[in-house]
Amino acid sequence: MAVLIIAKNDRPDWWADQLRRNDPSLDVRVWPDAGDPADIEYALAWKPRPGELAKYPNLKAVFSLGAGVDHLFSDPEFPAGAAVSRVIDPYLTAGIREYVLLHVLRYHKNQPALDMQQREHVWDDRGHELKQADERRVGILGLGELGTASGKALAALGFDVAGWSRSPKDIPGIACHHGPDGLDELAARTDILVCLLPLTPETEGILNAGLFAKLPAGAYLINAGRGGHLVEDDLIPALESGRLAHATLDVFRNEPLPRDHPFWDHPRITVTPHNASITDPRSVARQIADGIAAIARGEPVPNAVDRELGY
Ligand code: GLV
């Protein structure tokens, strides 16, 4: 039995070290040095090349090195027999919660406009709307691990928080909406829209001109879900028409964001390089080593992903 790490740009040797540290008995291999493909029963993967995982005939489980699993299921040859486990980790959740708090607070305190004033040496403490947190309506798309944690933290700061998910939820402090009508209800009451959805065929392109038109004029957008959630061509027109006031984007259809992409230089777009939260091998490797041991004992796959739902 061997474990293969496939994470080309994501510190594969660090993952291997951390895994061995947690379970020295594991035979850990780092791609492309997989050895005999028949030995590989477990893989830790981040954005493997399409078709790569199909090469290991005895693969039992793939551990996604992030919260998202779309990078696995977009592979048409993803092995049907392999279970998928995703990361649910307090540090990963904290990273997203911090990112959401940072950018919601930045919008709440009108920081993008103040930055612009500073660049122009303008001292103007009057031209800004006075709003309290409880007058700021935040809408969170996706009420899984990350959306729920972010929503609760915002509610604890006094923001008026609602959320939307595919199926009904009941979360104290968050007004929960669901389904297609629920999305319209959420949009109509949202000043700051935060996307933390999984990318599935149902959520692909959900951030589009139609949804922006349902938000109050001058709303803000924060996308820390996936680039595929945003219809990129709809964003700049929404900003230029004033429908949206500003957008903060951590994820893009093409990553790295191409150097000549118009988002880089737009005065009302903040770009961050898909680092809202980073999976920390120091905490996650323990979970994965325990997960491998559990599966080897015949126990269920931890944090298993429902292949039908795609999350
Ligand atoms: C990163 O985007 C992740 O899915 O954890």
# chains A, B, ... in the order shown; residues from 1 in each chain; ligands from 1
>>> residues_near_ligand(ligand="ligand 1", cutoff="12 Å", atoms="only C-alpha atoms and all ligand atoms", output="PyMOL selection string")
chain A and resi 10+45-47+63-72+85-89+91-96+145-146+196-199+223-228+250-252+255+273-280+284+311
>>> select_by_dssp(residues="range 137-201 of chain A", states="helix (DSSP H, G or I)", output="count of residues only")
22
>>> atom_distance(atom1="CA of Asp170 in chain A", atom2="CA of Leu143 in chain A")
9.8 Å
>>> closest_residue(among="A:Gly151, A:Gly139, A:Gly158, A:Gly51", to="Pro76 in chain A", atoms="only C-alpha atoms")
A:Gly51
>>> select_by_dssp(residues="range 243-289 of chain A", states="strand (DSSP E or B)", output="PyMOL selection string")
chain A and resi 244-249+269-271
>>> write_last_selection(atoms="C-alpha atoms", output="CSV table (one decimal), in the first residue's frame")
chain,number,residue,atom,x,y,z
A,244,LEU,CA,-22.1,47.2,-8.3
A,245,ALA,CA,-19.9,49.6,-6.3
A,246,HIS,CA,-16.8,47.4,-6.0
A,247,ALA,CA,-15.7,43.8,-6.3
A,248,THR,CA,-13.1,41.7,-4.4
A,249,LEU,CA,-12.0,38.6,-6.2
A,269,ILE,CA,-11.8,45.6,-8.5
A,270,THR,CA,-9.5,44.2,-5.8
A,271,VAL,CA,-7.6,41.1,-7.0
>>> closest_residue(among="A:Ile171, A:Ala38, A:Ala149, A:Cys176", to="Tyr56 in chain A", atoms="only C-alpha atoms")
A:Ala38
